[in-house]
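**Q** Below you will find the structure I want to go over with you.
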Amino acid sequence: MKINDNFEKLPENYLFAEVARRLAEYRRNHPDAEVIRMDIGDVTRPLPEAAIKAMHEAVDEMASSATFHGYGPEQGYSFLRDAIAQWDYADRGIAIKADEIFISDGAKSDLGNLGDIYSDDSVVAVADPGYPVYVDTAVMSGRGGILENGRWSKIVYLDCNEGNGFRPLPPCRHADVVILCSPNNPTGVAYSREELKRWVDYARKEKALIIFDSAYEAYEYGSEFPRSIYEIEGAEEVAIEVRSYSKTAGFTGMRCGYTVVPRKVSGFDGNGNSIELRKLWNRRQSTKFNGASYIVQRGAAALYTPEGMRELRATIEYYLENARLIRDTLIGLGYTVFGGEYSPYVWVKARTGESSWDMFTHLLENKHISCTPGIGFGESGDGYIRLTGFNTRENTLKAMKRFSEL
Ligand SMILES: *Cc1c(COP(=O)(O)O)cnc(C)c1O
C-alpha cells in the first residue's frame, strides 16, 4: 500500500502547538506570573438556554420507542432546514430554498469535504493570511504543487496587507475555486457589498466557484455589511456558502453547521457539459456522511426562536464588547489595528517593525499576555498578531490595563 504522499509534503502545523509550548515554558520559569490568554480561538460562554432546553427534550425523546430517532436524513432534518431558509434567508430577502441547504457537523468538515466535488487539478485561490484549513486541505488532495519559501506553487495567494485593508480583490490570474472568509479569521475585517460584487463578477467571468465561509456572519448583526454572499446579485449562480453555529451560538463542542449549494451553481464535466453542483454534493454527503445528530439539530433549531435569537445575540454582544475594548485601547495607544468591530478578532500591527514571534515574546514577557502570531496564518501575516474577544470581560479589562501601562 502506497500512502497519499501529499501528507508527507505538508509541514507540521506548529502554530498552536508552538504557542502552547512557549506559554508552558514561560509559566514553568515564572510560576507567579498571571498570564492572560488573549489567543483563545474558542468560545467560552455557555450555550443559549433555548438550545439547552430543546436538547434536553430531544434526549428524552430518545428514551421511548414511540419518539426515538435513529438515522436521520443525510441532508439534515427539515425542521432545521426550513428554519434556516426562513430566518437566515427569506426574512432577509434571499431566495434560498430548504432543499439547497445541507446540515453538517460543522464548517471545518464541509470546507475540507467540498474538495471532493471539483477536479484535482483545480487552481485554488486563498487569502494570505487565512484560516489554515483552506490551504492544508487543498494540499492533501494534491492541489498544492511544490512548497517553496512557505508558499505552494499551484495555489493562488491573495495578499492581504494594510494597502488593501486586508480585503484582497480579484487577481489578474485565473482561479477555479476562490475561498473567501468574511468577517475574516484572523484579521477580523469584513467585505463590503461593492467588494463582494467584484468577486462575484470575477467568478462569473472566470467560470470559477466561490466558497464563502461566513462562520462569523452573526457578528455583523445590525451592520451595513452583507451577511450572506447571496445578498449580491448573481451570487446564487457561482457561490457556495458555508456556515457554522460554532462561533455564533457557542456550538464548538456540539458540532453543527450548514452549507448552501444553490441549484443554479454548476461546474463543467470533461465534455463541457454543465453539471449542477448541488447534485454532486448531495451524492457526496449521502455516501460519506450520515447526518448530524438529531439532538444537536434540535438544539440548533431552537436558536431560530425569539428567545434563542435574543440569547445568541446577547452572547455575541458580550464578545463584541470585549473586542471593541481591545480595539479602542490599542488605537488609543497608537497601534494600527484592523477588525474588532464586527468580529471577535482584533488584528494588531507591531509598532516597531517586529516580527510576529518577537511581538509574542515581548507581550508575554513584559505584559504576561498571550496572543496568536500572525505568521501562523500565512507569510503576509508576519508583523501582526491576533487578539480575541473570547475571554471574560474582567480578563479583557485587566489585559487592556496592562497594555496601557507600557
Ligand atoms: C472556527 C472556524 C470554522 C470552523 O467551524 P466549525 O463549524 O466549528 O467546524 C470555519 N471557518 C472559520 C474561519 C473559523 O474560524
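In the C-alpha cells, chains take letters A, B, ... by order of appearance, with residues numbered from 1 within each chain and ligands from 1 in the order shown.
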Let me have all residues with an atom within 10 Å of ligand 1, counting only C-alpha atoms and all ligand atoms, laid out as a PyMOL selection string.

**A** chain A and resi 41-43+104-112+130-134+180-186+188+212-216+242-248+250-258+345

**Q** So which residues of range 164-272 of chain A fall under strand (DSSP E or B) by DSSP, listed as a list in words?

**A**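 Reading the DSSP output for range 164-272 of chain A, strand (DSSP E or B) covers Val177, Val178, Ile179, Leu180, Cys181, Leu209, Ile210, Ile211, Phe212, Asp213, Ala239, Ile240, Glu241, Val242, Arg243, Ser244, Gly257, Tyr258, Thr259, Val260, Ser266, Gly267 and Phe268 of chain A.
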
**Q** Filtering to N, CA and C atoms, could you give me those residues as a PDB file, in the first residue's frame?

**A**
```
ATOM      1  N   VAL A 177     -11.340  27.906  -8.091  1.00  0.00           N
ATOM      2  CA  VAL A 177     -12.070  27.953  -6.829  1.00  0.00           C
ATOM      3  C   VAL A 177     -11.463  29.059  -5.973  1.00  0.00           C
ATOM      4  N   VAL A 178     -12.303  29.962  -5.488  1.00  0.00           N
ATOM      5  CA  VAL A 178     -11.824  31.046  -4.629  1.00  0.00           C
ATOM      6  C   VAL A 178     -12.473  30.872  -3.266  1.00  0.00           C
ATOM      7  N   ILE A 179     -11.659  30.823  -2.214  1.00  0.00           N
ATOM      8  CA  ILE A 179     -12.223  30.680  -0.871  1.00  0.00           C
ATOM      9  C   ILE A 179     -12.129  32.029  -0.165  1.00  0.00           C
ATOM     10  N   LEU A 180     -13.293  32.574   0.186  1.00  0.00           N
ATOM     11  CA  LEU A 180     -13.337  33.873   0.859  1.00  0.00           C
ATOM     12  C   LEU A 180     -13.936  33.688   2.247  1.00  0.00           C
ATOM     13  N   CYS A 181     -13.485  34.492   3.192  1.00  0.00           N
ATOM     14  CA  CYS A 181     -13.996  34.412   4.564  1.00  0.00           C
ATOM     15  C   CYS A 181     -14.285  35.821   5.058  1.00  0.00           C
ATOM     16  N   LEU A 209     -15.718  29.017  -9.031  1.00  0.00           N
ATOM     17  CA  LEU A 209     -16.624  28.796  -7.906  1.00  0.00           C
ATOM     18  C   LEU A 209     -16.113  29.592  -6.711  1.00  0.00           C
ATOM     19  N   ILE A 210     -17.007  30.298  -6.030  1.00  0.00           N
ATOM     20  CA  ILE A 210     -16.642  30.958  -4.772  1.00  0.00           C
ATOM     21  C   ILE A 210     -17.138  30.074  -3.627  1.00  0.00           C
ATOM     22  N   ILE A 211     -16.251  29.783  -2.684  1.00  0.00           N
ATOM     23  CA  ILE A 211     -16.684  29.139  -1.439  1.00  0.00           C
ATOM     24  C   ILE A 211     -16.619  30.222  -0.383  1.00  0.00           C
ATOM     25  N   PHE A 212     -17.778  30.589   0.134  1.00  0.00           N
ATOM     26  CA  PHE A 212     -17.865  31.730   1.044  1.00  0.00           C
ATOM     27  C   PHE A 212     -18.043  31.237   2.477  1.00  0.00           C
ATOM     28  N   ASP A 213     -16.989  31.382   3.260  1.00  0.00           N
ATOM     29  CA  ASP A 213     -17.002  30.946   4.664  1.00  0.00           C
ATOM     30  C   ASP A 213     -17.513  32.112   5.504  1.00  0.00           C
ATOM     31  N   ALA A 239     -21.761  30.750  -6.183  1.00  0.00           N
ATOM     32  CA  ALA A 239     -21.211  30.633  -4.830  1.00  0.00           C
ATOM     33  C   ALA A 239     -21.875  29.565  -3.975  1.00  0.00           C
ATOM     34  N   ILE A 240     -21.032  28.922  -3.172  1.00  0.00           N
ATOM     35  CA  ILE A 240     -21.469  28.011  -2.115  1.00  0.00           C
ATOM     36  C   ILE A 240     -21.175  28.725  -0.809  1.00  0.00           C
ATOM     37  N   GLU A 241     -22.130  28.710   0.115  1.00  0.00           N
ATOM     38  CA  GLU A 241     -21.925  29.410   1.384  1.00  0.00           C
ATOM     39  C   GLU A 241     -21.828  28.390   2.518  1.00  0.00           C
ATOM     40  N   VAL A 242     -20.807  28.560   3.361  1.00  0.00           N
ATOM     41  CA  VAL A 242     -20.576  27.620   4.460  1.00  0.00           C
ATOM     42  C   VAL A 242     -20.767  28.359   5.783  1.00  0.00           C
ATOM     43  N   ARG A 243     -21.623  27.810   6.631  1.00  0.00           N
ATOM     44  CA  ARG A 243     -21.916  28.464   7.908  1.00  0.00           C
ATOM     45  C   ARG A 243     -21.802  27.491   9.072  1.00  0.00           C
ATOM     46  N   SER A 244     -21.732  28.070  10.253  1.00  0.00           N
ATOM     47  CA  SER A 244     -21.493  27.255  11.430  1.00  0.00           C
ATOM     48  C   SER A 244     -22.193  27.873  12.638  1.00  0.00           C
ATOM     49  N   GLY A 257     -23.417  22.828  11.657  1.00  0.00           N
ATOM     50  CA  GLY A 257     -23.309  23.945  10.726  1.00  0.00           C
ATOM     51  C   GLY A 257     -24.117  23.596   9.490  1.00  0.00           C
ATOM     52  N   TYR A 258     -23.990  24.394   8.465  1.00  0.00           N
ATOM     53  CA  TYR A 258     -24.663  24.027   7.220  1.00  0.00           C
ATOM     54  C   TYR A 258     -23.980  24.659   6.024  1.00  0.00           C
ATOM     55  N   THR A 259     -24.232  24.049   4.861  1.00  0.00           N
ATOM     56  CA  THR A 259     -23.671  24.534   3.607  1.00  0.00           C
ATOM     57  C   THR A 259     -24.807  24.712   2.613  1.00  0.00           C
ATOM     58  N   VAL A 260     -24.783  25.845   1.925  1.00  0.00           N
ATOM     59  CA  VAL A 260     -25.808  26.141   0.928  1.00  0.00           C
ATOM     60  C   VAL A 260     -25.216  25.931  -0.464  1.00  0.00           C
ATOM     61  N   SER A 266     -23.203  25.622 -11.005  1.00  0.00           N
ATOM     62  CA  SER A 266     -22.792  24.435 -11.756  1.00  0.00           C
ATOM     63  C   SER A 266     -21.310  24.469 -12.085  1.00  0.00           C
ATOM     64  N   GLY A 267     -20.823  23.305 -12.497  1.00  0.00           N
ATOM     65  CA  GLY A 267     -19.450  23.178 -12.972  1.00  0.00           C
ATOM     66  C   GLY A 267     -19.509  22.466 -14.318  1.00  0.00           C
ATOM     67  N   PHE A 268     -18.355  22.151 -14.879  1.00  0.00           N
ATOM     68  CA  PHE A 268     -18.338  21.521 -16.199  1.00  0.00           C
ATOM     69  C   PHE A 268     -17.674  20.150 -16.123  1.00  0.00           C
TER      70      PHE A 268
END
```

**Q** Leaving out range 233-237 of chain A and any residue of its chain fewer than 5 positions from it, which residues lie within 12 Å of it when counting only C-alpha atoms, given as number ranges by chain?

**A** A: 93-97, 100, 193-194, 196-205, 207-212, 226, 228, 260-267, 276-278

**Q** Determine, using only C-alpha atoms, which residues of range 338-365 of chain A have any atom at most 12 Å from an atom of range 399-404 of chain A, and tabulate each with its shortest atom pair and distance in Å to one decimal place, rows ordered by chain and then rising number, as CSV.

**A**
```
residue,atom,partner,partner_atom,distance
A:His362,CA,A:Phe403,CA,11.6
A:Leu363,CA,A:Phe403,CA,8.7
A:Leu364,CA,A:Arg402,CA,11.2
A:Glu365,CA,A:Arg402,CA,11.9
```

**Q** Just how far from CA of Ala98 in chain A is CA of Asp82 in chain A, in Å to one decimal?

**A**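 Computed distance, CA of Asp82 in chain A to CA of Ala98 in chain A, equals 5.4 Å.
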
**Q** Using backbone DSSP assignments, extract all helix (DSSP H, G or I) residues from range 196-375 of chain A; output them as a PyMOL selection string.

**A** chain A and resi 196-206+217-220+229-231+235-237+246-249+251-253+277-288+294-301+306-332+356-367+374-375

**Q** Under the rule that only C-alpha atoms are counted, which of A:Gly222, A:Arg22, A:Tyr319, A:Pro11 is the nearest residue to Arg151 in chain A?

**A** A:Pro11
